[in-house]
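Undergrad: Contents are mmCIF, C-alpha atoms and all ligand atoms; file name model_7.cif:
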```
data_coords
#
loop_
_atom_site.group_PDB
_atom_site.id
_atom_site.type_symbol
_atom_site.label_atom_id
_atom_site.label_comp_id
_atom_site.auth_asym_id
_atom_site.auth_seq_id
_atom_site.Cartn_x
_atom_site.Cartn_y
_atom_site.Cartn_z
ATOM 1 C CA MET A 1168 -18.082 -16.961 -1.811
ATOM 2 C CA THR A 1169 -16.175 -16.461 1.436
ATOM 3 C CA PHE A 1170 -15.548 -12.889 2.389
ATOM 4 C CA VAL A 1171 -11.926 -12.217 3.292
ATOM 5 C CA THR A 1172 -10.638 -8.829 4.311
ATOM 6 C CA ARG A 1173 -7.584 -7.514 6.093
ATOM 7 C CA PHE A 1174 -6.036 -4.676 8.029
ATOM 8 C CA ALA A 1175 -2.495 -4.013 6.812
ATOM 9 C CA PRO A 1176 -0.659 -1.492 8.979
ATOM 10 C CA SER A 1177 2.960 -0.462 8.496
ATOM 11 C CA PRO A 1178 4.895 -0.571 11.778
ATOM 12 C CA THR A 1179 6.398 2.885 11.318
ATOM 13 C CA GLY A 1180 4.607 4.532 14.217
ATOM 14 C CA HIS A 1181 1.885 4.039 16.789
ATOM 15 C CA LEU A 1182 -1.729 3.625 15.760
ATOM 16 C CA HIS A 1183 -4.109 6.556 16.204
ATOM 17 C CA ARG A 1184 -7.881 7.020 15.887
ATOM 18 C CA GLY A 1185 -7.729 6.928 12.082
ATOM 19 C CA HIS A 1186 -6.204 3.442 12.173
ATOM 20 C CA ALA A 1187 -8.699 2.309 14.791
ATOM 21 C CA PHE A 1188 -11.542 3.474 12.565
ATOM 22 C CA SER A 1189 -10.113 1.675 9.539
ATOM 23 C CA ALA A 1190 -9.379 -1.548 11.408
ATOM 24 C CA LEU A 1191 -12.842 -1.576 13.002
ATOM 25 C CA THR A 1192 -14.494 -0.898 9.639
ATOM 26 C CA ALA A 1193 -12.797 -3.933 8.104
ATOM 27 C CA PHE A 1194 -13.284 -6.131 11.168
ATOM 28 C CA ARG A 1195 -16.991 -5.341 11.484
ATOM 29 C CA ALA A 1196 -17.528 -5.855 7.755
ATOM 30 C CA ALA A 1197 -16.117 -9.371 8.068
ATOM 31 C CA GLN A 1198 -18.139 -10.058 11.214
ATOM 32 C CA ALA A 1199 -21.362 -8.913 9.553
ATOM 33 C CA VAL A 1200 -21.125 -11.620 6.891
ATOM 34 C CA ASP A 1201 -19.364 -14.251 8.955
ATOM 35 C CA GLY A 1202 -16.264 -13.674 6.876
ATOM 36 C CA ARG A 1203 -12.551 -13.819 7.643
ATOM 37 C CA PHE A 1204 -10.436 -11.000 9.010
ATOM 38 C CA LEU A 1205 -6.657 -11.050 8.559
ATOM 39 C CA LEU A 1206 -3.880 -8.913 9.939
ATOM 40 C CA ARG A 1207 -0.848 -8.225 7.784
ATOM 41 C CA ILE A 1208 2.249 -6.370 8.893
ATOM 42 C CA GLU A 1209 3.600 -4.298 6.005
ATOM 43 C CA ASP A 1210 7.173 -3.887 7.149
ATOM 44 C CA ILE A 1211 9.111 -3.908 3.897
ATOM 45 C CA ASP A 1212 10.564 -0.462 4.506
ATOM 46 C CA ALA A 1213 13.573 -1.430 6.590
ATOM 47 C CA THR A 1214 14.559 2.195 7.036
ATOM 48 C CA ARG A 1215 11.336 3.067 8.878
ATOM 49 C CA ARG A 1216 9.997 -0.114 10.511
ATOM 50 C CA ARG A 1217 10.584 -0.732 14.211
ATOM 51 C CA PRO A 1218 9.836 -3.996 16.062
ATOM 52 C CA GLU A 1219 8.421 -2.106 19.038
ATOM 53 C CA TYR A 1220 5.808 -0.507 16.794
ATOM 54 C CA GLU A 1221 4.745 -3.923 15.544
ATOM 55 C CA ALA A 1222 4.360 -5.226 19.092
ATOM 56 C CA ALA A 1223 2.381 -2.109 20.008
ATOM 57 C CA ILE A 1224 0.083 -2.539 16.997
ATOM 58 C CA LEU A 1225 -0.855 -6.077 18.042
ATOM 59 C CA GLU A 1226 -1.440 -4.942 21.593
ATOM 60 C CA ASP A 1227 -3.517 -1.908 20.605
ATOM 61 C CA LEU A 1228 -5.710 -3.859 18.196
ATOM 62 C CA ALA A 1229 -6.364 -6.559 20.794
ATOM 63 C CA TRP A 1230 -7.268 -3.835 23.323
ATOM 64 C CA LEU A 1231 -9.667 -2.388 20.768
ATOM 65 C CA GLY A 1232 -11.465 -5.736 20.714
ATOM 66 C CA LEU A 1233 -10.320 -7.001 17.338
ATOM 67 C CA GLU A 1234 -9.715 -10.659 16.654
ATOM 68 C CA TRP A 1235 -7.739 -11.850 13.673
ATOM 69 C CA GLU A 1236 -6.647 -15.199 12.342
ATOM 70 C CA ALA A 1237 -3.550 -16.588 14.047
ATOM 71 C CA ALA A 1238 -1.362 -16.507 10.951
ATOM 72 C CA VAL A 1239 -0.137 -12.911 10.732
ATOM 73 C CA ARG A 1240 1.799 -12.339 7.541
ATOM 74 C CA ARG A 1241 4.895 -10.243 8.026
ATOM 75 C CA GLN A 1242 6.040 -8.957 4.649
ATOM 76 C CA SER A 1243 9.722 -8.717 5.562
ATOM 77 C CA GLU A 1244 9.784 -12.520 5.817
ATOM 78 C CA HIS A 1245 8.667 -12.935 2.219
ATOM 79 C CA LEU A 1246 10.964 -10.704 0.194
ATOM 80 C CA ALA A 1247 11.881 -13.640 -2.052
ATOM 81 C CA ASP A 1248 8.213 -13.897 -3.122
ATOM 82 C CA TYR A 1249 8.141 -10.264 -4.176
ATOM 83 C CA HIS A 1250 11.413 -10.552 -6.041
ATOM 84 C CA ALA A 1251 10.036 -13.568 -7.882
ATOM 85 C CA ALA A 1252 7.052 -11.460 -8.934
ATOM 86 C CA ILE A 1253 9.367 -8.729 -10.224
ATOM 87 C CA GLU A 1254 11.343 -11.416 -12.038
ATOM 88 C CA ALA A 1255 8.128 -12.617 -13.680
ATOM 89 C CA LEU A 1256 7.433 -9.091 -14.902
ATOM 90 C CA ARG A 1257 10.999 -8.800 -16.085
ATOM 91 C CA ALA A 1258 10.707 -12.037 -18.036
ATOM 92 C CA LYS A 1259 7.734 -10.500 -19.848
ATOM 93 C CA GLY A 1260 9.759 -7.392 -20.707
ATOM 94 C CA LEU A 1261 7.620 -5.150 -18.526
ATOM 95 C CA VAL A 1262 10.276 -3.618 -16.302
ATOM 96 C CA TYR A 1263 13.491 -1.744 -16.941
ATOM 97 C CA ARG A 1264 16.450 -0.483 -14.968
ATOM 98 C CA CYS A 1265 16.384 3.228 -14.259
ATOM 99 C CA PHE A 1266 19.603 4.835 -13.076
ATOM 100 C CA LYS A 1267 18.171 8.321 -12.660
ATOM 101 C CA THR A 1268 18.081 9.691 -9.156
ATOM 102 C CA ARG A 1269 15.050 11.556 -7.833
ATOM 103 C CA LYS A 1270 17.179 14.700 -7.996
ATOM 104 C CA GLU A 1271 17.912 14.199 -11.683
ATOM 105 C CA ILE A 1272 14.259 13.544 -12.422
ATOM 106 C CA ASP A 1273 13.223 16.685 -10.561
ATOM 107 C CA ILE A 1274 15.642 19.014 -12.360
ATOM 108 C CA GLY A 1275 13.856 22.222 -13.207
ATOM 109 C CA ARG A 1276 10.951 21.569 -10.849
ATOM 110 C CA ALA A 1277 10.143 24.442 -8.509
ATOM 111 C CA PRO A 1278 9.631 23.407 -4.878
ATOM 112 C CA HIS A 1279 5.924 24.281 -4.990
ATOM 113 C CA GLU A 1280 5.263 22.226 -8.124
ATOM 114 C CA PRO A 1281 4.005 18.663 -7.708
ATOM 115 C CA ALA A 1282 6.398 15.921 -8.791
ATOM 116 C CA VAL A 1283 5.714 14.960 -12.394
ATOM 117 C CA PRO A 1284 5.160 11.229 -12.905
ATOM 118 C CA TYR A 1285 8.290 9.826 -14.471
ATOM 119 C CA VAL A 1286 8.085 8.002 -17.761
ATOM 120 C CA GLY A 1287 11.315 6.634 -19.158
ATOM 121 C CA GLN A 1288 12.795 3.782 -21.120
ATOM 122 C CA PRO A 1289 15.584 1.232 -20.859
ATOM 123 C CA LEU A 1290 19.076 2.479 -21.606
ATOM 124 C CA PRO A 1291 20.877 1.209 -24.700
ATOM 125 C CA VAL A 1292 22.386 -2.188 -23.827
ATOM 126 C CA GLY A 1293 26.008 -1.025 -23.934
ATOM 127 C CA GLU A 1294 25.466 1.969 -21.666
ATOM 128 C CA GLU A 1295 23.480 -0.110 -19.215
ATOM 129 C CA ALA A 1296 26.230 -2.728 -19.058
ATOM 130 C CA GLU A 1297 28.809 -0.017 -18.361
ATOM 131 C CA ARG A 1298 26.807 1.486 -15.555
ATOM 132 C CA LEU A 1299 26.180 -1.930 -14.034
ATOM 133 C CA ALA A 1300 29.884 -2.700 -14.235
ATOM 134 C CA ARG A 1301 30.564 0.555 -12.383
ATOM 135 C CA GLY A 1302 28.178 -0.613 -9.682
ATOM 136 C CA GLU A 1303 25.787 2.310 -10.114
ATOM 137 C CA PRO A 1304 22.557 1.925 -8.167
ATOM 138 C CA PHE A 1305 19.320 1.630 -10.128
ATOM 139 C CA ALA A 1306 15.608 1.106 -9.607
ATOM 140 C CA TRP A 1307 13.395 -1.380 -11.390
ATOM 141 C CA ARG A 1308 10.553 0.552 -12.965
ATOM 142 C CA LEU A 1309 7.377 -0.773 -14.520
ATOM 143 C CA SER A 1310 7.139 0.394 -18.125
ATOM 144 C CA LEU A 1311 3.703 1.824 -18.851
ATOM 145 C CA ALA A 1312 4.421 1.609 -22.574
ATOM 146 C CA ALA A 1313 5.284 -2.102 -22.375
ATOM 147 C CA ALA A 1314 2.304 -2.751 -20.091
ATOM 148 C CA ARG A 1315 -0.053 -0.980 -22.472
ATOM 149 C CA GLU A 1316 1.223 -3.060 -25.338
ATOM 150 C CA ALA A 1317 1.004 -6.319 -23.382
ATOM 151 C CA LEU A 1318 -2.594 -5.661 -22.381
ATOM 152 C CA GLY A 1319 -3.727 -4.043 -25.619
ATOM 153 C CA GLY A 1320 -4.442 -0.798 -23.761
ATOM 154 C CA PHE A 1321 -5.776 -0.097 -20.301
ATOM 155 C CA GLY A 1322 -9.466 -0.008 -21.286
ATOM 156 C CA GLY A 1323 -10.112 -3.444 -19.798
ATOM 157 C CA LEU A 1324 -8.767 -2.452 -16.413
ATOM 158 C CA THR A 1325 -11.723 -1.800 -14.173
ATOM 159 C CA PHE A 1326 -12.496 -2.413 -10.537
ATOM 160 C CA VAL A 1327 -15.576 -2.287 -8.375
ATOM 161 C CA GLU A 1328 -15.670 0.384 -5.692
ATOM 162 C CA GLU A 1329 -18.266 -0.406 -3.054
ATOM 163 C CA GLY A 1330 -17.209 2.511 -0.870
ATOM 164 C CA ALA A 1331 -16.086 5.776 -2.400
ATOM 165 C CA GLY A 1332 -12.969 7.561 -3.545
ATOM 166 C CA PRO A 1333 -12.128 11.058 -2.287
ATOM 167 C CA ALA A 1334 -14.269 12.651 -5.014
ATOM 168 C CA GLY A 1335 -17.168 10.261 -4.472
ATOM 169 C CA GLU A 1336 -16.032 7.790 -7.142
ATOM 170 C CA ALA A 1337 -18.106 4.643 -6.799
ATOM 171 C CA GLY A 1338 -19.348 1.644 -8.749
ATOM 172 C CA LEU A 1339 -17.440 0.347 -11.728
ATOM 173 C CA ILE A 1340 -14.251 2.396 -12.004
ATOM 174 C CA GLN A 1341 -12.011 2.656 -15.023
ATOM 175 C CA ALA A 1342 -8.438 2.319 -13.758
ATOM 176 C CA ARG A 1343 -6.018 5.080 -14.760
ATOM 177 C CA PRO A 1344 -2.602 3.601 -13.951
ATOM 178 C CA GLU A 1345 -0.925 6.038 -16.350
ATOM 179 C CA THR A 1346 -1.341 8.955 -13.940
ATOM 180 C CA ALA A 1347 1.396 7.481 -11.743
ATOM 181 C CA GLY A 1348 3.971 7.174 -14.524
ATOM 182 C CA ASP A 1349 6.478 4.314 -14.593
ATOM 183 C CA ILE A 1350 6.335 3.311 -10.949
ATOM 184 C CA VAL A 1351 9.338 2.013 -9.057
ATOM 185 C CA LEU A 1352 8.930 -1.669 -8.152
ATOM 186 C CA ALA A 1353 12.210 -2.097 -6.325
ATOM 187 C CA ARG A 1354 15.354 -0.212 -5.525
ATOM 188 C CA LYS A 1355 18.423 -0.446 -3.384
ATOM 189 C CA ASP A 1356 17.199 1.193 -0.184
ATOM 190 C CA VAL A 1357 13.589 0.005 -0.335
ATOM 191 C CA GLY A 1358 13.974 -3.481 -1.796
ATOM 192 C CA VAL A 1359 10.352 -3.826 -2.881
ATOM 193 C CA ALA A 1360 7.710 -1.209 -3.469
ATOM 194 C CA TYR A 1361 4.506 -1.173 -1.499
ATOM 195 C CA HIS A 1362 2.179 -1.720 -4.489
ATOM 196 C CA LEU A 1363 3.800 -4.951 -5.545
ATOM 197 C CA ALA A 1364 3.805 -6.470 -2.068
ATOM 198 C CA VAL A 1365 0.161 -5.513 -1.476
ATOM 199 C CA VAL A 1366 -1.051 -6.958 -4.769
ATOM 200 C CA HIS A 1367 0.953 -10.125 -4.258
ATOM 201 C CA ASP A 1368 -0.261 -10.677 -0.713
ATOM 202 C CA ASP A 1369 -3.898 -9.813 -1.296
ATOM 203 C CA ALA A 1370 -3.990 -12.501 -3.979
ATOM 204 C CA LEU A 1371 -2.000 -15.043 -1.988
ATOM 205 C CA GLN A 1372 -4.178 -14.577 1.073
ATOM 206 C CA GLY A 1373 -7.391 -14.778 -0.943
ATOM 207 C CA VAL A 1374 -8.513 -11.282 0.033
ATOM 208 C CA THR A 1375 -11.885 -10.660 -1.596
ATOM 209 C CA HIS A 1376 -12.486 -7.175 -0.181
ATOM 210 C CA VAL A 1377 -9.878 -4.468 0.329
ATOM 211 C CA ILE A 1378 -11.240 -2.110 2.967
ATOM 212 C CA ARG A 1379 -9.063 0.930 3.700
ATOM 213 C CA GLY A 1380 -9.029 4.726 3.793
ATOM 214 C CA HIS A 1381 -9.689 6.672 0.616
ATOM 215 C CA ASP A 1382 -6.188 8.134 0.839
ATOM 216 C CA LEU A 1383 -5.282 4.851 -0.890
ATOM 217 C CA PHE A 1384 -7.903 5.130 -3.650
ATOM 218 C CA GLU A 1385 -5.280 6.200 -6.212
ATOM 219 C CA ALA A 1386 -3.230 3.160 -5.234
ATOM 220 C CA ALA A 1387 -6.058 0.913 -6.457
ATOM 221 C CA HIS A 1388 -5.530 2.230 -9.997
ATOM 222 C CA ILE A 1389 -1.896 1.145 -9.986
ATOM 223 C CA GLN A 1390 -2.609 -2.087 -8.151
ATOM 224 C CA ARG A 1391 -5.251 -2.996 -10.741
ATOM 225 C CA LEU A 1392 -2.580 -2.792 -13.448
ATOM 226 C CA LEU A 1393 -0.191 -4.988 -11.473
ATOM 227 C CA GLN A 1394 -2.954 -7.561 -10.944
ATOM 228 C CA ALA A 1395 -3.515 -7.744 -14.697
ATOM 229 C CA LEU A 1396 0.196 -8.060 -15.460
ATOM 230 C CA LEU A 1397 0.751 -10.745 -12.832
ATOM 231 C CA ASP A 1398 -2.460 -12.636 -13.685
ATOM 232 C CA LEU A 1399 -3.865 -12.110 -10.212
ATOM 233 C CA PRO A 1400 -7.525 -11.676 -9.290
ATOM 234 C CA THR A 1401 -8.918 -8.227 -8.511
ATOM 235 C CA PRO A 1402 -10.615 -7.842 -5.147
ATOM 236 C CA VAL A 1403 -13.607 -5.588 -4.543
ATOM 237 C CA TYR A 1404 -12.561 -2.230 -3.072
ATOM 238 C CA ARG A 1405 -14.309 -0.411 -0.257
ATOM 239 C CA HIS A 1406 -12.500 2.828 0.447
ATOM 240 C CA HIS A 1407 -13.842 4.734 3.399
ATOM 241 C CA GLY A 1408 -13.680 8.404 4.296
ATOM 242 C CA LEU A 1409 -10.966 9.615 6.620
ATOM 243 C CA LEU A 1410 -11.684 10.490 10.170
ATOM 244 C CA VAL A 1411 -11.122 14.128 11.003
ATOM 245 C CA GLY A 1412 -10.284 15.562 14.395
ATOM 246 C CA PRO A 1413 -11.979 18.444 16.175
ATOM 247 C CA ASP A 1414 -9.827 20.848 14.140
ATOM 248 C CA GLY A 1415 -11.227 19.431 10.906
ATOM 249 C CA LYS A 1416 -7.861 17.907 9.972
ATOM 250 C CA ARG A 1417 -7.443 14.196 9.308
ATOM 251 C CA TYR A 1418 -5.691 12.082 11.846
ATOM 252 C CA ALA A 1419 -2.241 11.280 10.653
ATOM 253 C CA LYS A 1420 1.037 10.215 12.115
ATOM 254 C CA ARG A 1421 2.760 13.347 10.896
ATOM 255 C CA ASP A 1422 0.323 15.616 12.752
ATOM 256 C CA LYS A 1423 1.248 13.938 16.013
ATOM 257 C CA ALA A 1424 -2.300 12.699 16.470
ATOM 258 C CA GLN A 1425 -3.006 11.261 19.887
ATOM 259 C CA THR A 1426 -2.123 7.567 19.781
ATOM 260 C CA LEU A 1427 -4.316 4.700 20.943
ATOM 261 C CA ARG A 1428 -1.813 4.072 23.753
ATOM 262 C CA GLU A 1429 -2.153 7.645 24.945
ATOM 263 C CA ILE A 1430 -5.931 7.423 24.765
ATOM 264 C CA ARG A 1431 -5.787 4.205 26.790
ATOM 265 C CA ALA A 1432 -3.357 5.710 29.331
ATOM 266 C CA GLU A 1433 -5.827 8.530 29.881
ATOM 267 C CA GLY A 1434 -8.279 5.945 31.154
ATOM 268 C CA THR A 1435 -10.584 5.816 28.118
ATOM 269 C CA SER A 1436 -12.085 2.347 27.707
ATOM 270 C CA ALA A 1437 -12.039 0.494 24.405
ATOM 271 C CA ALA A 1438 -15.844 0.504 24.446
ATOM 272 C CA ALA A 1439 -15.890 4.284 24.824
ATOM 273 C CA LEU A 1440 -13.449 4.742 21.945
ATOM 274 C CA ARG A 1441 -15.430 2.351 19.744
ATOM 275 C CA ALA A 1442 -18.607 4.309 20.524
ATOM 276 C CA GLU A 1443 -16.851 7.591 19.723
ATOM 277 C CA LEU A 1444 -15.824 6.179 16.348
ATOM 278 C CA GLY A 1445 -19.361 5.052 15.600
ATOM 279 C CA PHE A 1446 -19.018 1.352 16.405
ATOM 280 C CA ALA A 1447 -21.534 0.723 19.150
HETATM 281 N N1 LIG A 1501 0.334 -0.581 4.696
HETATM 282 C C1 LIG A 1501 -0.463 0.476 4.176
HETATM 283 C C2 LIG A 1501 -0.516 1.624 5.167
HETATM 284 O O1 LIG A 1501 -0.259 1.423 6.335
HETATM 285 C C3 LIG A 1501 -1.889 0.049 3.874
HETATM 286 C C4 LIG A 1501 -1.982 -0.867 2.734
HETATM 287 C C5 LIG A 1501 -3.366 -1.233 2.278
HETATM 288 O O2 LIG A 1501 -4.319 -1.230 3.084
HETATM 289 O O3 LIG A 1501 -3.507 -1.581 1.124
HETATM 290 O O4 LIG A 1501 -0.809 2.734 4.763
#
```
Taking this structure as input, can you express it in the form of structure tokens?
Ligand code: GLU

TA:
Amino acid sequence: MTFVTRFAPSPTGHLHRGHAFSALTAFRAAQAVDGRFLLRIEDIDATRRRPEYEAAILEDLAWLGLEWEAAVRRQSEHLADYHAAIEALRAKGLVYRCFKTRKEIDIGRAPHEPAVPYVGQPLPVGEEAERLARGEPFAWRLSLAAAREALGGFGGLTFVEEGAGPAGEAGLIQARPETAGDIVLARKDVGVAYHLAVVHDDALQGVTHVIRGHDLFEAAHIQRLLQALLDLPTPVYRHHGLLVGPDGKRYAKRDKAQTLREIRAEGTSAAALRAELGFA
């Protein structure tokens, strides 16, 4: 079997050491088995993506010494594909329109309390028609209840973890999609949700191994459910630990971690950065 993996950054900021570590992990894994390495630009969030970030990502990854196949998939160019997938789920009765705003859902929640996963149901036909006629915005949500019924329960949903989740989860994992509630698959401002686009593209691109940080381990549980509902294959997962800085905190965009461009501007060579990250 060919080994196909990918690095799938969102162009919402500059790459930092954490991204470099993740990209190198996937790239080296493909190299080690003479497999394929793809780059995918996950730019479906039109409110946050910026073309200059995308250009910088390509430049930074090339500087780092990565090579990817020429065809770079840019998700924003394939929105029709994702809507067709949602339509397929809709045809199977697995999604419903939800008119509740986040604010309405969160009523009664204290600021320090974590958001409770939302589980709802379709509105009565008449009420829904009225709201649609009034032009009220809504989100398409995946119904866990309908999904459970369609699959005869979630017991058959497993995936293989060759790396580890944040709590050391490894091996054959039982997916727990219910912990996320009825996830949003599309809404007005963000036309398509991340999970759907990822699942769709991983299958389309023949990705056999999803290699990414364990901050996305929970996402695998939801993505496994979408794969089952859309009749798509399940890749092998290899979640890796997150790189922490000298202060013991993980590198993240929000912490204003030093970017690869800044590291480069300081005169650090790509070889030196690779060595620092453990890729001799
Ligand atoms: N685009 C996602 C991110 O930048 C990663 C998606 C994935 O690797 O599955 O966090």

Undergrad: So which residues are near ligand LIG 1501 (chain A), meaning at most 9 Å away with only C-alpha atoms and all ligand atoms counted, given back as number ranges by chain?

TA: A: 1173-1179, 1186, 1207-1210, 1361-1362, 1365-1366, 1369, 1377-1380, 1382-1383, 1386-1387

Undergrad: In Å, rounded to a single decimal, give me how far atom CA of Thr1169 of chain A is from atom CA of Phe1188 of chain A.

TA: 23.3 Å

Undergrad: What are the nearest atom pairs, with distances in Å to one decimal, for all residues of segment 1310-1384 of chain A that come at most 8 Å from segment 1279-1300 of chain A, using all atoms listed in the file, set out by chain and rising residue number as CSV?

TA:
```
residue,atom,partner,partner_atom,distance
A:Ser1310,CA,A:Gln1288,CA,7.2
A:Leu1311,CA,A:Val1286,CA,7.7
A:Thr1346,CA,A:Pro1284,CA,7.0
A:Ala1347,CA,A:Pro1284,CA,5.4
A:Gly1348,CA,A:Pro1284,CA,4.5
A:Asp1349,CA,A:Val1286,CA,5.1
A:Ile1350,CA,A:Tyr1285,CA,7.7
```

Undergrad: Provide the atom CA of Leu1228 of chain A to atom CA of His1376 of chain A distance in Å, to one decimal place.

TA: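 Value for the atom CA of Leu1228 of chain A-atom CA of His1376 of chain A distance: 19.9 Å.
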
Undergrad: Applying 6 Å and all atoms listed in the file, which residues near Val1171 of chain A remain after dropping the ones on its own chain fewer than 2 positions away? List them as JSON, numbers by chain.

TA: {"A": [1202, 1203, 1374, 1375]}

Undergrad: Write out as a Markdown table a residue-level contact list of segment 1329-1446 of chain A versus segment 1239-1243 of chain A with cut-off 12 Å: for each qualifying residue the closest pair of atoms and the distance in Å to one decimal, counting only C-alpha atoms, rows sorted by chain and residue number upward.

TA:
```
| residue | atom | partner | partner_atom | distance |
| --- | --- | --- | --- | --- |
| A:Val1357 | CA | A:Ser1243 | CA | 11.2 |
| A:Gly1358 | CA | A:Ser1243 | CA | 10.0 |
| A:Val1359 | CA | A:Ser1243 | CA | 9.8 |
| A:Ala1360 | CA | A:Gln1242 | CA | 11.3 |
| A:Tyr1361 | CA | A:Gln1242 | CA | 10.0 |
| A:Leu1363 | CA | A:Gln1242 | CA | 11.2 |
| A:Ala1364 | CA | A:Gln1242 | CA | 7.5 |
| A:Val1365 | CA | A:Gln1242 | CA | 9.2 |
| A:Val1366 | CA | A:Gln1242 | CA | 12.0 |
| A:His1367 | CA | A:Gln1242 | CA | 10.3 |
| A:Asp1368 | CA | A:Gln1242 | CA | 8.5 |
| A:Asp1369 | CA | A:Arg1240 | CA | 10.8 |
| A:Leu1371 | CA | A:Arg1240 | CA | 10.6 |
| A:Gln1372 | CA | A:Arg1240 | CA | 9.1 |
```

Undergrad: Determine the residue set returned by the PyMOL selection byres (((chain A and resi 1190) around 12) and not hetatm) for the present structure, and present it as a ChimeraX atom specification.

TA: /A:1172-1176,1182-1189,1191-1197,1204-1207,1224-1225,1227-1229,1231-1235,1377-1380,1407,1441,1444,1446

Undergrad: Next, the residues of the selection above should be written as a compact mmCIF listing (two decimals), in the coordinates of the input with C-alpha atoms.

TA:
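Written out: part_19.txt:
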```
# COMPACT_ATOMS: atom_id res chain seq x y z
CA THR A 1172 -10.64 -8.83 4.31
CA ARG A 1173 -7.58 -7.51 6.09
CA PHE A 1174 -6.04 -4.68 8.03
CA ALA A 1175 -2.50 -4.01 6.81
CA PRO A 1176 -0.66 -1.49 8.98
CA LEU A 1182 -1.73 3.62 15.76
CA HIS A 1183 -4.11 6.56 16.20
CA ARG A 1184 -7.88 7.02 15.89
CA GLY A 1185 -7.73 6.93 12.08
CA HIS A 1186 -6.20 3.44 12.17
CA ALA A 1187 -8.70 2.31 14.79
CA PHE A 1188 -11.54 3.47 12.56
CA SER A 1189 -10.11 1.68 9.54
CA LEU A 1191 -12.84 -1.58 13.00
CA THR A 1192 -14.49 -0.90 9.64
CA ALA A 1193 -12.80 -3.93 8.10
CA PHE A 1194 -13.28 -6.13 11.17
CA ARG A 1195 -16.99 -5.34 11.48
CA ALA A 1196 -17.53 -5.86 7.76
CA ALA A 1197 -16.12 -9.37 8.07
CA PHE A 1204 -10.44 -11.00 9.01
CA LEU A 1205 -6.66 -11.05 8.56
CA LEU A 1206 -3.88 -8.91 9.94
CA ARG A 1207 -0.85 -8.22 7.78
CA ILE A 1224 0.08 -2.54 17.00
CA LEU A 1225 -0.86 -6.08 18.04
CA ASP A 1227 -3.52 -1.91 20.60
CA LEU A 1228 -5.71 -3.86 18.20
CA ALA A 1229 -6.36 -6.56 20.79
CA LEU A 1231 -9.67 -2.39 20.77
CA GLY A 1232 -11.46 -5.74 20.71
CA LEU A 1233 -10.32 -7.00 17.34
CA GLU A 1234 -9.72 -10.66 16.65
CA TRP A 1235 -7.74 -11.85 13.67
CA VAL A 1377 -9.88 -4.47 0.33
CA ILE A 1378 -11.24 -2.11 2.97
CA ARG A 1379 -9.06 0.93 3.70
CA GLY A 1380 -9.03 4.73 3.79
CA HIS A 1407 -13.84 4.73 3.40
CA ARG A 1441 -15.43 2.35 19.74
CA LEU A 1444 -15.82 6.18 16.35
CA PHE A 1446 -19.02 1.35 16.40
```

Undergrad: Just checking: using all atoms listed in the file, which residue out of A:Lys1270, A:Arg1343, A:Arg1257, A:His1406 ends up closest to Arg1308 of chain A?

TA: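 Smallest distance to Arg1308 of chain A is found for A:Arg1257.
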
Undergrad: One number please: atom CA of Phe1321 of chain A to atom CA of Pro1344 of chain A, in Å, one decimal.

TA: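 Answer for the atom CA of Phe1321 of chain A to atom CA of Pro1344 of chain A separation: 8.0 Å.
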
Undergrad: Between A:Pro1333, A:Gly1373, A:Gly1323, A:Pro1304, single out the one closest to Leu1399 of chain A, counting only C-alpha atoms.

TA: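 Looking only at the distances to Leu1399 of chain A, the closest residue turns out to be A:Gly1373.
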
Undergrad: Env of Arg1431 of chain A: 10 Å cut, atoms = all atoms listed in the file, seq-sep filter 4 positions within chain, self excluded. Answer as a JSON list (two decimals) with C-alpha atoms, in the frame of the given file.

TA:
```
[["chain", "number", "residue", "atom", "x", "y", "z"],
["A", 1227, "ASP", "CA", -3.52, -1.91, 20.60],
["A", 1230, "TRP", "CA", -7.27, -3.84, 23.32],
["A", 1231, "LEU", "CA", -9.67, -2.39, 20.77],
["A", 1426, "THR", "CA", -2.12, 7.57, 19.78],
["A", 1427, "LEU", "CA", -4.32, 4.70, 20.94],
["A", 1435, "THR", "CA", -10.58, 5.82, 28.12],
["A", 1436, "SER", "CA", -12.08, 2.35, 27.71],
["A", 1437, "ALA", "CA", -12.04, 0.49, 24.40],
["A", 1440, "LEU", "CA", -13.45, 4.74, 21.94]]
```

Undergrad: Go through A:Arg1264, A:Glu1385, A:Gly1332, A:Ile1340 and flag the residue nearest Phe1305 of chain A, using only C-alpha atoms for the distances.

TA: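 Using only C-alpha atoms, Phe1305 of chain A sits closest to A:Arg1264.
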
Undergrad: Select, counting all atoms listed in the file, all protein, DNA and RNA residues no farther than 10 Å from (9.3, -11.2, -7.9) in file coordinates, and express the selection as a ChimeraX atom specification.

TA: /A:1246-1257,1352-1353,1359,1363-1364,1367,1397

Undergrad: Which of these, A:Leu1324, A:Leu1309, A:Ala1314, A:Ala1199, has the shortest distance to His1388 of chain A once you count all atoms listed in the file?

TA: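 Counting all atoms listed in the file, the residue closest to His1388 of chain A is A:Leu1324.
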
Undergrad: So, with only C-alpha atoms as the atoms that count, which of A:Thr1325, A:Gly1338, A:Val1262, A:Val1351 lies closest to Ala1312 of chain A?

TA: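 Counting only C-alpha atoms, the residue closest to Ala1312 of chain A is A:Val1262.
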
Undergrad: Could you check the closest approach to Asp1212 of chain A for each of A:Ala1238, A:Arg1354, A:Arg1301, A:Gly1275 and tell me which residue wins, using all atoms listed in the file?

TA: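 Of the candidates, the smallest distance to Asp1212 of chain A is held by A:Arg1354.
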
Undergrad: Using the chain letters and numbers from this file, what does the PyMOL selection byres (((chain A and resi 1329) around 9) and not hetatm) select? Give the answer as a list in words.

TA: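 Evaluating the PyMOL selection byres (((chain A and resi 1329) around 9) and not hetatm) on this file yields Val1327, Glu1328, Gly1330, Ala1331, Ala1337, Gly1338, Leu1339, Val1403, Tyr1404, Arg1405 and His1406 of chain A.
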